[in-house]
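Asker: Before anything else, here's the structure in question.
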Amino acid sequence: MIGRLNHVAIAVSDIDAATAVYRDTLGAAVSGKQDQPDHGVTTVFINLPNTKIELLEPLGEGSPIAKFLEKNPSGGIHHVCYEVDDIIAARDQLVKNGARVLGDGEPKIGAHGKPVLFLHPKDFLGTLTELEEA
C-alpha cells in the first residue's frame, strides 16, 4: 500500500529564515511561499534529488502548526508523507486495520493539488503521518 516518501515536514516560526538556511547555507533549490488556508499553513518546498522537505509556518488563527510550535518553540519535524496509489482504498484498509484518520476522514486537497489524509500519531509510533495520492 505505502509508496515512496513524498516529503518530511518541518514546522518553523520564521519561514523566510528557514528557507534561507536551505537555500543559502545548504545550496538547495527552494520553491516560493504558498499559503494553504484550508490547512492553516504557509509552505515552502525544498527540492532534493530523492524527496522533498516541506517547511510549515502557521497561517491564521487556530493553525495546527502554531499549537505545535507552542510545545516546540525551536520548531522541528512535524510529519512524514508517503504516497499511495488510491487514497480511498488506503484509508479503508487502514481503518479496517484499526488506524485512526484525523479530521472527518475525507481527503482534502494538499499543497501539491492532490488528495491527502492525516493518520493519528498514536497509531504510527508517535509520528503524524500524511498520505498523498500519487
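Quick note on naming: the chains in the C-alpha cells go A, B, ... in the order shown, residues restart at 1 in each chain, and ligands are numbered from 1 in order of appearance.
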Going by DSSP on the backbone, which bits of segment 32-112 of chain A are strand (DSSP E or B)? Write them as JSON, numbers by chain, please.

Answerer: {"A": [34, 35, 36, 41, 42, 43, 44, 45, 46, 47, 52, 53, 54, 55, 56, 57, 58, 76, 77, 78, 79, 80, 81, 82, 83, 84, 101, 108, 109]}

Asker: Write out as a list in words which residues come within 8 Å of Leu128 of chain A when counting only C-alpha atoms, dropping same-chain ones fewer than 6 positions away.

Answerer: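 Everything that qualifies: His78, His79, Val80, Phe118, Leu119, His120 and Pro121 of chain A.
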
Asker: Which one is closest to Ala28 of chain A: A:Thr42, A:Asn47, A:Gln93, A:Ser13? Count only C-alpha atoms.

Answerer: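 Smallest distance to Ala28 of chain A is found for A:Asn47.
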
Asker: Got a sec: who's within 12 Å of Gly76 of chain A, counting only C-alpha atoms, leaving out chain neighbours fewer than 5 positions off, as a PyMOL selection string?

Answerer: chain A and resi 8-13+18+53-57+65+68-71

Asker: Compare A:Ala134, A:Met1, A:Ala20, A:Val30 by their minimum atom-to-atom distance to His112 of chain A, counting only C-alpha atoms, and give me the closest one.

Answerer: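 Looking at the shortest contact to His112 of chain A, the residue is A:Ala134.
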